[in-house]
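In what follows, a structure is listed as structure tokens, so that the remarks can point back to it.
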Amino acid sequence: MMQIAAVVVTYNRCTLLMQCIEHVHAQKLPAGVSLDVLVVDNASTDDTLYSLTPFIEDGTVHYYNTGSNLGGAGGFAFGMRVAVEAGYNLLWVMDDDCLPSAIALEKLLEAGDTVGEWGFLSSVVKWTDGSICAMNVQRHPLFNNIEDFSPDVQPASLASFVSLLVPAAVVREVGLPHAEFFIWTDDWEFTRRISRKYPCYVVGASQVVHASQTNSPGNIFTDSEERLGRYAYIYRNDVVLYREEGLRGHLYLWVRAIYHSLRVLLSDVNLKRERIDLIWKGTKEGFNFHPMTVFPEPADGEVNECNSN
């Protein structure tokens, strides 16, 4: 029996989470495949636990409360560790606003059977209007966004945590996502760790909807003043990703910092000085930021009931 854990991280988005679970439960599963839903709750203060209670009681959802808001990065590290240590064979990782089609997982598994060795498989991510979701575009090669999603299977170097399938054995080898990232770049850094070692792919027939509020990746040139503080994370965390690429990675980071600063200067936004300071502060902090790679404990080869609360 192939045992798969759908690892869903949530924080105060009860309505979207319930839609996500509905779509996961509706998956068409091949013979010999089982699918469990593991919800990792970053200590939500809304009705998340109340709404999940019937599913928890009937065993169709396994619920884990982290005890505090660990951010997306901490939530995924937490959930993936639970899943690997419980003995699941594959981890299907997603945000709580991911709405997979009924055959999304089936098509990932079919592709995995045809490509030989692989490190991760990623779905095509669309927005609510049917267009490609700008914040979840995979990259290949490393610095290029994929533009054509019509191939049945195509290589990928970077992918997001919106419908990512990864073998537990690979997670044991490369380690967990960096919880210290808190938000942003955790998915890209983790998938790049994998793609340096294994061929990885985007599967055209596996499609999901990312029900985000807008179809925009967000950027420091146009974002609102109240969200600016978040950008310190992306510039810091990106250094951890790109410095592993050697000279070209270092050049990319410094050229990008200059380019982004010029874009801020030329943009019609407030707080230009503050935005530019965030770019350079985050980039400089990144070169002194060395998060430790954490590895799951060895699994016993069987799916065990983990402590949930």
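Within each chain, counting starts at residue 1; across the structure tokens, chains are named A, B, ... in the order shown, with ligands numbered 1 upward in that order.
Excluding His250 (chain A) and any residue on its chain fewer than 4 positions from it, the residues at most 12 Å away by only C-alpha atoms are Asp238, Val239, Val240, Leu241, Tyr242, Arg243, Glu244, Glu245, Gly246, Trp254, Val255, Arg256, Ala257, Thr283, Lys284, Gly286 and Phe287 of chain A.
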Would you mind exporting the chosen residues as a tab-separated table (two decimals), in the first residue's frame, restricted to all heavy atoms?
chain	number	residue	atom	x	y	z
A	238	ASP	N	16.28	34.83	0.45
A	238	ASP	CA	16.77	34.57	-0.91
A	238	ASP	C	18.28	34.41	-0.95
A	238	ASP	O	18.82	33.68	-1.80
A	238	ASP	CB	16.35	35.72	-1.84
A	238	ASP	CG	14.99	35.49	-2.46
A	238	ASP	OD1	14.32	34.50	-2.10
A	238	ASP	OD2	14.58	36.31	-3.30
A	239	VAL	N	18.99	35.08	-0.05
A	239	VAL	CA	20.44	34.93	-0.03
A	239	VAL	C	20.82	33.48	0.27
A	239	VAL	O	21.75	32.93	-0.34
A	239	VAL	CB	21.06	35.88	1.01
A	239	VAL	CG1	22.57	35.61	1.14
A	239	VAL	CG2	20.83	37.33	0.62
A	240	VAL	N	20.10	32.85	1.20
A	240	VAL	CA	20.39	31.46	1.54
A	240	VAL	C	20.21	30.57	0.31
A	240	VAL	O	20.98	29.63	0.08
A	240	VAL	CB	19.48	30.99	2.69
A	240	VAL	CG1	19.76	29.53	3.04
A	240	VAL	CG2	19.66	31.87	3.92
A	241	LEU	N	19.19	30.86	-0.49
A	241	LEU	CA	18.94	30.09	-1.71
A	241	LEU	C	20.04	30.30	-2.74
A	241	LEU	O	20.66	29.34	-3.23
A	241	LEU	CB	17.58	30.48	-2.29
A	241	LEU	CG	17.29	30.06	-3.73
A	241	LEU	CD1	17.25	28.54	-3.86
A	241	LEU	CD2	15.97	30.68	-4.21
A	242	TYR	N	20.30	31.55	-3.09
A	242	TYR	CA	21.14	31.82	-4.26
A	242	TYR	C	22.63	31.74	-3.98
A	242	TYR	O	23.41	31.50	-4.91
A	242	TYR	CB	20.78	33.19	-4.84
A	242	TYR	CG	19.43	33.21	-5.50
A	242	TYR	CD1	18.37	33.91	-4.95
A	242	TYR	CD2	19.21	32.49	-6.67
A	242	TYR	CE1	17.12	33.91	-5.55
A	242	TYR	CE2	17.97	32.49	-7.29
A	242	TYR	CZ	16.93	33.20	-6.71
A	242	TYR	OH	15.69	33.18	-7.31
A	243	ARG	N	23.07	31.91	-2.74
A	243	ARG	CA	24.51	31.82	-2.50
A	243	ARG	C	25.02	30.40	-2.72
A	243	ARG	O	26.23	30.21	-2.95
A	243	ARG	CB	24.85	32.31	-1.10
A	243	ARG	CG	24.41	31.40	0.03
A	243	ARG	CD	24.69	32.03	1.37
A	243	ARG	NE	24.18	31.21	2.46
A	243	ARG	CZ	23.87	31.68	3.66
A	243	ARG	NH1	24.00	32.98	3.92
A	243	ARG	NH2	23.41	30.88	4.60
A	244	GLU	N	24.13	29.41	-2.66
A	244	GLU	CA	24.54	28.04	-2.93
A	244	GLU	C	24.81	27.80	-4.42
A	244	GLU	O	25.30	26.74	-4.79
A	244	GLU	CB	23.46	27.07	-2.45
A	244	GLU	CG	23.26	27.06	-0.94
A	244	GLU	CD	24.52	26.69	-0.19
A	244	GLU	OE1	25.22	25.75	-0.64
A	244	GLU	OE2	24.84	27.35	0.82
A	245	GLU	N	24.50	28.78	-5.26
A	245	GLU	CA	24.74	28.65	-6.70
A	245	GLU	C	26.10	29.19	-7.11
A	245	GLU	O	26.39	29.29	-8.31
A	245	GLU	CB	23.64	29.38	-7.48
A	245	GLU	CG	22.23	28.90	-7.15
A	245	GLU	CD	22.01	27.43	-7.44
A	245	GLU	OE1	22.60	26.94	-8.43
A	245	GLU	OE2	21.27	26.78	-6.68
A	246	GLY	N	26.93	29.56	-6.13
A	246	GLY	CA	28.27	30.02	-6.44
A	246	GLY	C	28.30	31.45	-6.95
A	246	GLY	O	27.46	32.28	-6.58
A	254	TRP	N	23.33	40.70	-5.87
A	254	TRP	CA	23.73	42.11	-5.84
A	254	TRP	C	23.15	42.89	-7.01
A	254	TRP	O	22.72	44.05	-6.84
A	254	TRP	CB	25.26	42.22	-5.81
A	254	TRP	CG	25.85	41.68	-4.54
A	254	TRP	CD1	26.68	40.61	-4.41
A	254	TRP	CD2	25.61	42.16	-3.21
A	254	TRP	NE1	26.99	40.40	-3.09
A	254	TRP	CE2	26.35	41.34	-2.33
A	254	TRP	CE3	24.85	43.21	-2.68
A	254	TRP	CZ2	26.34	41.53	-0.95
A	254	TRP	CZ3	24.84	43.40	-1.30
A	254	TRP	CH2	25.58	42.57	-0.45
A	255	VAL	N	23.11	42.27	-8.17
A	255	VAL	CA	22.48	42.96	-9.32
A	255	VAL	C	21.00	43.19	-9.05
A	255	VAL	O	20.45	44.25	-9.35
A	255	VAL	CB	22.70	42.15	-10.61
A	255	VAL	CG1	21.85	42.72	-11.75
A	255	VAL	CG2	24.17	42.16	-11.00
A	256	ARG	N	20.34	42.19	-8.46
A	256	ARG	CA	18.92	42.35	-8.15
A	256	ARG	C	18.69	43.46	-7.13
A	256	ARG	O	17.74	44.25	-7.25
A	256	ARG	CB	18.35	41.05	-7.61
A	256	ARG	CG	16.84	41.11	-7.43
A	256	ARG	CD	16.27	39.87	-6.79
A	256	ARG	NE	16.71	39.71	-5.41
A	256	ARG	CZ	16.12	38.89	-4.54
A	256	ARG	NH1	15.09	38.15	-4.92
A	256	ARG	NH2	16.56	38.79	-3.31
A	257	ALA	N	19.54	43.55	-6.11
A	257	ALA	CA	19.38	44.60	-5.11
A	257	ALA	C	19.48	45.98	-5.75
A	257	ALA	O	18.70	46.90	-5.43
A	257	ALA	CB	20.43	44.44	-4.01
A	283	THR	N	19.20	41.91	2.33
A	283	THR	CA	20.27	41.26	1.57
A	283	THR	C	21.52	41.11	2.42
A	283	THR	O	22.13	40.03	2.46
A	283	THR	CB	20.58	42.06	0.29
A	283	THR	OG1	19.39	42.14	-0.53
A	283	THR	CG2	21.68	41.39	-0.52
A	284	LYS	N	21.90	42.15	3.12
A	284	LYS	CA	23.10	42.07	3.96
A	284	LYS	C	22.90	41.08	5.10
A	284	LYS	O	23.82	40.31	5.43
A	284	LYS	CB	23.43	43.45	4.50
A	284	LYS	CG	23.93	44.43	3.43
A	284	LYS	CD	24.16	45.81	4.00
A	284	LYS	CE	24.62	46.78	2.91
A	284	LYS	NZ	24.82	48.16	3.46
A	286	GLY	N	21.15	38.49	5.05
A	286	GLY	CA	21.17	37.14	4.51
A	286	GLY	C	22.54	36.51	4.48
A	286	GLY	O	22.68	35.29	4.67
A	287	PHE	N	23.58	37.31	4.26
A	287	PHE	CA	24.92	36.76	4.19
A	287	PHE	C	25.46	36.36	5.57
A	287	PHE	O	26.48	35.68	5.66
A	287	PHE	CB	25.87	37.74	3.50
A	287	PHE	CG	25.69	37.76	2.00
A	287	PHE	CD1	24.93	38.74	1.38
A	287	PHE	CD2	26.25	36.76	1.22
A	287	PHE	CE1	24.75	38.75	0.00
A	287	PHE	CE2	26.07	36.75	-0.17
A	287	PHE	CZ	25.31	37.75	-0.77
As a compact mmCIF listing (two decimals) with N, CA, C and O atoms, in the first residue's frame, please: every residue in region 46-245 of chain A that DSSP puts in helix (DSSP H, G or I).
# COMPACT_ATOMS: atom_id res chain seq x y z
N THR A 48 -11.30 27.50 13.24
CA THR A 48 -10.65 26.37 12.58
C THR A 48 -10.89 25.06 13.32
O THR A 48 -11.36 24.07 12.75
N LEU A 49 -10.55 25.01 14.59
CA LEU A 49 -10.68 23.76 15.34
C LEU A 49 -12.13 23.32 15.44
O LEU A 49 -12.46 22.14 15.28
N TYR A 50 -13.03 24.28 15.69
CA TYR A 50 -14.46 23.95 15.78
C TYR A 50 -14.95 23.32 14.48
O TYR A 50 -15.67 22.31 14.49
N SER A 51 -14.56 23.90 13.35
CA SER A 51 -15.02 23.40 12.06
C SER A 51 -14.42 22.03 11.72
O SER A 51 -15.05 21.22 11.04
N LEU A 52 -13.21 21.79 12.20
CA LEU A 52 -12.54 20.53 11.89
C LEU A 52 -12.97 19.39 12.82
O LEU A 52 -12.72 18.22 12.50
N THR A 53 -13.59 19.71 13.93
CA THR A 53 -13.89 18.69 14.95
C THR A 53 -14.59 17.45 14.40
O THR A 53 -14.18 16.31 14.71
N PRO A 54 -15.64 17.58 13.56
CA PRO A 54 -16.28 16.36 13.04
C PRO A 54 -15.32 15.49 12.22
O PRO A 54 -15.39 14.25 12.30
N PHE A 55 -14.41 16.11 11.47
CA PHE A 55 -13.45 15.36 10.67
C PHE A 55 -12.40 14.70 11.56
O PHE A 55 -11.94 13.59 11.29
N ILE A 56 -12.01 15.40 12.61
CA ILE A 56 -11.04 14.83 13.54
C ILE A 56 -11.65 13.62 14.25
O ILE A 56 -11.01 12.58 14.40
N GLU A 57 -12.92 13.75 14.64
CA GLU A 57 -13.57 12.67 15.38
C GLU A 57 -13.80 11.44 14.52
O GLU A 57 -13.72 10.30 15.02
N ASP A 58 -14.05 11.64 13.22
CA ASP A 58 -14.27 10.45 12.37
C ASP A 58 -12.98 9.96 11.71
O ASP A 58 -12.99 9.01 10.91
N GLY A 71 4.69 30.74 11.16
CA GLY A 71 4.80 31.16 9.77
C GLY A 71 4.63 29.97 8.84
O GLY A 71 4.59 28.81 9.28
N GLY A 72 4.50 30.25 7.56
CA GLY A 72 4.36 29.16 6.61
C GLY A 72 5.54 28.21 6.65
O GLY A 72 5.39 26.99 6.62
N ALA A 73 6.76 28.75 6.75
CA ALA A 73 7.96 27.92 6.76
C ALA A 73 7.97 26.99 7.96
O ALA A 73 8.25 25.78 7.83
N GLY A 74 7.68 27.52 9.13
CA GLY A 74 7.65 26.70 10.33
C GLY A 74 6.55 25.67 10.29
O GLY A 74 6.73 24.52 10.74
N GLY A 75 5.39 26.05 9.74
CA GLY A 75 4.28 25.11 9.64
C GLY A 75 4.59 23.95 8.72
O GLY A 75 4.30 22.79 9.05
N PHE A 76 5.20 24.23 7.58
CA PHE A 76 5.54 23.14 6.66
C PHE A 76 6.65 22.25 7.22
O PHE A 76 6.61 21.03 7.06
N ALA A 77 7.63 22.84 7.87
CA ALA A 77 8.67 22.03 8.50
C ALA A 77 8.07 21.12 9.56
O ALA A 77 8.42 19.93 9.66
N PHE A 78 7.16 21.66 10.35
CA PHE A 78 6.48 20.89 11.39
C PHE A 78 5.70 19.73 10.77
O PHE A 78 5.84 18.57 11.17
N GLY A 79 4.86 20.03 9.79
CA GLY A 79 3.99 19.02 9.20
C GLY A 79 4.74 17.96 8.44
O GLY A 79 4.40 16.76 8.50
N MET A 80 5.76 18.36 7.71
CA MET A 80 6.52 17.38 6.94
C MET A 80 7.32 16.46 7.86
O MET A 80 7.47 15.27 7.59
N ARG A 81 7.78 17.02 8.96
CA ARG A 81 8.48 16.17 9.92
C ARG A 81 7.52 15.13 10.51
O ARG A 81 7.87 13.94 10.61
N VAL A 82 6.33 15.56 10.90
CA VAL A 82 5.34 14.63 11.43
C VAL A 82 5.06 13.51 10.42
O VAL A 82 5.04 12.32 10.77
N ALA A 83 4.86 13.89 9.16
CA ALA A 83 4.50 12.91 8.13
C ALA A 83 5.63 11.92 7.86
O ALA A 83 5.39 10.71 7.74
N VAL A 84 6.84 12.41 7.77
CA VAL A 84 7.97 11.52 7.50
C VAL A 84 8.19 10.57 8.68
O VAL A 84 8.37 9.36 8.50
N GLU A 85 8.16 11.12 9.89
CA GLU A 85 8.41 10.29 11.06
C GLU A 85 7.28 9.29 11.31
O GLU A 85 7.49 8.26 11.97
N ALA A 86 6.09 9.58 10.76
CA ALA A 86 4.98 8.64 10.89
C ALA A 86 5.08 7.48 9.91
O ALA A 86 4.36 6.50 10.03
N ALA A 104 -5.83 15.66 -9.62
CA ALA A 104 -4.52 16.29 -9.46
C ALA A 104 -3.49 15.32 -8.91
O ALA A 104 -2.37 15.19 -9.44
N LEU A 105 -3.84 14.62 -7.85
CA LEU A 105 -2.89 13.67 -7.25
C LEU A 105 -2.68 12.46 -8.16
O LEU A 105 -1.54 11.99 -8.34
N GLU A 106 -3.75 11.96 -8.75
CA GLU A 106 -3.64 10.82 -9.65
C GLU A 106 -2.66 11.10 -10.78
O GLU A 106 -1.82 10.25 -11.13
N LYS A 107 -2.73 12.30 -11.37
CA LYS A 107 -1.84 12.63 -12.48
C LYS A 107 -0.39 12.79 -12.02
O LYS A 107 0.54 12.47 -12.77
N LEU A 108 -0.18 13.28 -10.80
CA LEU A 108 1.18 13.33 -10.27
C LEU A 108 1.74 11.93 -10.13
O LEU A 108 2.89 11.66 -10.50
N LEU A 109 0.93 11.02 -9.61
CA LEU A 109 1.39 9.64 -9.42
C LEU A 109 1.66 8.95 -10.75
O LEU A 109 2.65 8.22 -10.89
N GLU A 110 0.80 9.20 -11.73
CA GLU A 110 1.02 8.61 -13.06
C GLU A 110 2.33 9.11 -13.66
O GLU A 110 3.11 8.33 -14.25
N ALA A 111 2.60 10.39 -13.51
CA ALA A 111 3.85 10.94 -14.04
C ALA A 111 5.04 10.34 -13.32
O ALA A 111 6.06 10.01 -13.95
N GLY A 112 4.92 10.18 -12.01
CA GLY A 112 6.01 9.59 -11.25
C GLY A 112 6.35 8.19 -11.70
O GLY A 112 7.51 7.76 -11.64
N ASP A 113 5.34 7.46 -12.18
CA ASP A 113 5.56 6.10 -12.67
C ASP A 113 6.26 6.06 -14.03
O ASP A 113 6.82 5.03 -14.41
N THR A 114 6.22 7.17 -14.76
CA THR A 114 6.75 7.17 -16.13
C THR A 114 8.13 7.81 -16.26
O THR A 114 8.84 7.52 -17.22
N ALA A 134 0.40 33.80 -10.79
CA ALA A 134 1.71 34.44 -10.92
C ALA A 134 2.65 34.12 -9.77
O ALA A 134 3.87 34.08 -9.95
N MET A 135 2.12 33.89 -8.58
CA MET A 135 3.00 33.66 -7.44
C MET A 135 3.48 32.22 -7.33
O MET A 135 4.29 31.90 -6.46
N ASN A 136 3.01 31.34 -8.20
CA ASN A 136 3.37 29.93 -8.11
C ASN A 136 3.94 29.38 -9.40
O ASN A 136 3.86 28.18 -9.66
N ALA A 168 9.07 10.76 0.96
CA ALA A 168 9.59 10.90 2.32
C ALA A 168 11.08 10.59 2.35
O ALA A 168 11.85 11.22 3.09
N ALA A 169 11.53 9.64 1.52
CA ALA A 169 12.95 9.28 1.49
C ALA A 169 13.81 10.47 1.06
O ALA A 169 14.94 10.64 1.54
N VAL A 170 13.29 11.31 0.16
CA VAL A 170 14.03 12.49 -0.28
C VAL A 170 14.12 13.50 0.85
O VAL A 170 15.16 14.14 1.07
N VAL A 171 13.03 13.68 1.60
CA VAL A 171 13.06 14.61 2.73
C VAL A 171 14.06 14.14 3.78
O VAL A 171 14.79 14.94 4.37
N ARG A 172 14.12 12.82 4.01
CA ARG A 172 15.11 12.31 4.96
C ARG A 172 16.53 12.61 4.48
O ARG A 172 17.43 12.85 5.28
N GLU A 173 16.73 12.62 3.17
CA GLU A 173 18.07 12.85 2.63
C GLU A 173 18.47 14.31 2.66
O GLU A 173 19.60 14.65 3.04
N VAL A 174 17.57 15.22 2.21
CA VAL A 174 17.94 16.63 2.07
C VAL A 174 17.57 17.47 3.27
O VAL A 174 18.04 18.60 3.42
N ALA A 179 12.63 26.22 8.98
CA ALA A 179 11.58 26.87 9.78
C ALA A 179 11.94 28.31 10.11
O ALA A 179 11.05 29.16 10.26
N GLU A 180 13.23 28.61 10.22
CA GLU A 180 13.68 29.95 10.57
C GLU A 180 13.35 30.99 9.51
O GLU A 180 13.41 32.20 9.78
N PHE A 181 13.03 30.56 8.30
CA PHE A 181 12.65 31.52 7.27
C PHE A 181 11.37 32.28 7.64
O PHE A 181 11.16 33.38 7.20
N ASP A 186 10.95 29.63 1.55
CA ASP A 186 11.13 28.30 2.13
C ASP A 186 10.88 27.21 1.10
O ASP A 186 11.59 26.20 1.05
N ASP A 187 9.87 27.42 0.25
CA ASP A 187 9.55 26.41 -0.77
C ASP A 187 10.61 26.36 -1.86
O ASP A 187 11.04 25.28 -2.28
N TRP A 188 11.05 27.51 -2.33
CA TRP A 188 12.06 27.54 -3.39
C TRP A 188 13.39 26.97 -2.90
O TRP A 188 14.04 26.21 -3.60
N GLU A 189 13.80 27.34 -1.70
CA GLU A 189 15.07 26.84 -1.18
C GLU A 189 15.00 25.32 -0.99
O GLU A 189 15.95 24.60 -1.34
N PHE A 190 13.88 24.83 -0.48
CA PHE A 190 13.71 23.40 -0.24
C PHE A 190 13.71 22.63 -1.56
O PHE A 190 14.40 21.62 -1.72
N THR A 191 12.93 23.11 -2.54
CA THR A 191 12.87 22.39 -3.82
C THR A 191 14.19 22.48 -4.58
O THR A 191 14.56 21.55 -5.30
N ARG A 192 14.93 23.57 -4.40
CA ARG A 192 16.24 23.65 -5.06
C ARG A 192 17.22 22.67 -4.43
O ARG A 192 18.06 22.08 -5.14
N ARG A 193 17.14 22.46 -3.14
CA ARG A 193 17.97 21.44 -2.51
C ARG A 193 17.73 20.08 -3.17
O ARG A 193 18.65 19.29 -3.36
N ILE A 194 16.47 19.84 -3.51
CA ILE A 194 16.12 18.56 -4.13
C ILE A 194 16.59 18.52 -5.58
O ILE A 194 17.17 17.53 -6.04
N SER A 195 16.33 19.60 -6.33
CA SER A 195 16.64 19.57 -7.77
C SER A 195 18.14 19.58 -8.06
O SER A 195 18.56 19.28 -9.17
N GLU A 225 1.89 50.09 2.40
CA GLU A 225 2.82 50.44 3.47
C GLU A 225 2.75 49.45 4.63
O GLU A 225 3.78 49.10 5.22
N GLU A 226 1.55 48.96 4.95
CA GLU A 226 1.41 48.08 6.11
C GLU A 226 2.03 46.70 5.89
O GLU A 226 2.23 45.95 6.84
N ARG A 227 2.34 46.35 4.65
CA ARG A 227 2.93 45.04 4.34
C ARG A 227 4.44 45.10 4.12
O ARG A 227 5.08 44.06 3.90
N LEU A 228 5.02 46.27 4.21
CA LEU A 228 6.43 46.41 3.82
C LEU A 228 7.37 45.57 4.68
O LEU A 228 8.36 45.04 4.19
N GLY A 229 7.08 45.46 5.98
CA GLY A 229 7.97 44.74 6.87
C GLY A 229 8.22 43.30 6.46
O GLY A 229 9.28 42.73 6.76
N ARG A 230 7.26 42.71 5.75
CA ARG A 230 7.39 41.32 5.31
C ARG A 230 8.54 41.13 4.33
O ARG A 230 9.09 40.01 4.23
N TYR A 231 8.92 42.19 3.63
CA TYR A 231 9.91 42.03 2.57
C TYR A 231 11.33 41.82 3.11
O TYR A 231 12.20 41.35 2.38
N ALA A 232 11.55 42.14 4.36
CA ALA A 232 12.86 41.84 4.95
C ALA A 232 13.12 40.34 4.91
O ALA A 232 14.27 39.91 4.74
N TYR A 233 12.06 39.54 5.04
CA TYR A 233 12.22 38.08 5.01
C TYR A 233 12.66 37.59 3.63
O TYR A 233 13.54 36.76 3.51
N ILE A 234 12.02 38.10 2.59
CA ILE A 234 12.32 37.54 1.27
C ILE A 234 13.74 37.90 0.82
O ILE A 234 14.45 37.05 0.26
N TYR A 235 14.18 39.13 1.09
CA TYR A 235 15.54 39.49 0.68
C TYR A 235 16.58 38.73 1.50
O TYR A 235 17.61 38.30 0.97
N ARG A 236 16.31 38.54 2.79
CA ARG A 236 17.22 37.75 3.63
C ARG A 236 17.23 36.28 3.21
O ARG A 236 18.29 35.69 2.99
N ASN A 237 16.05 35.70 3.07
CA ASN A 237 15.96 34.27 2.79
C ASN A 237 16.48 33.92 1.40
O ASN A 237 17.04 32.84 1.18
N ASP A 238 16.28 34.83 0.45
CA ASP A 238 16.77 34.57 -0.91
C ASP A 238 18.28 34.41 -0.95
O ASP A 238 18.82 33.68 -1.80
N VAL A 239 18.99 35.08 -0.05
CA VAL A 239 20.44 34.93 -0.03
C VAL A 239 20.82 33.48 0.27
O VAL A 239 21.75 32.93 -0.34
N VAL A 240 20.10 32.85 1.20
CA VAL A 240 20.39 31.46 1.54
C VAL A 240 20.21 30.57 0.31
O VAL A 240 20.98 29.63 0.08
N LEU A 241 19.19 30.86 -0.49
CA LEU A 241 18.94 30.09 -1.71
C LEU A 241 20.04 30.30 -2.74
O LEU A 241 20.66 29.34 -3.23
N TYR A 242 20.30 31.55 -3.09
CA TYR A 242 21.14 31.82 -4.26
C TYR A 242 22.63 31.74 -3.98
O TYR A 242 23.41 31.50 -4.91
N ARG A 243 23.07 31.91 -2.74
CA ARG A 243 24.51 31.82 -2.50
C ARG A 243 25.02 30.40 -2.72
O ARG A 243 26.23 30.21 -2.95
N GLU A 244 24.13 29.41 -2.66
CA GLU A 244 24.54 28.04 -2.93
C GLU A 244 24.81 27.80 -4.42
O GLU A 244 25.30 26.74 -4.79
N GLU A 245 24.50 28.78 -5.26
CA GLU A 245 24.74 28.65 -6.70
C GLU A 245 26.10 29.19 -7.11
O GLU A 245 26.39 29.29 -8.31
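With only C-alpha atoms as the basis for measurement, A:Asn89 is the residue among A:Ser101, A:Thr66, A:Ser267, A:Asn89 that approaches Val33 (chain A) most closely.
With only C-alpha atoms as the atoms that count, the minimum distance from Cys14 (chain A) to the choices A:Asp36, A:Asp148, A:Asp41, A:Asp46 is reached by A:Asp46.
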* Quick one: everything within 8 Å of Phe161 (chain A), counting only C-alpha atoms, minus sequence neighbours fewer than 5 positions away in the same chain. Send it as a PyMOL selection string. => chain A and resi 93-95+187
* **Backbone DSSP call of strand (DSSP E) for region 5-226 of chain A, listed as a PyMOL selection string** => chain A and resi 5-10+33-41+62-65+90-95+98-100+121-126+153-155+164-167+201-210
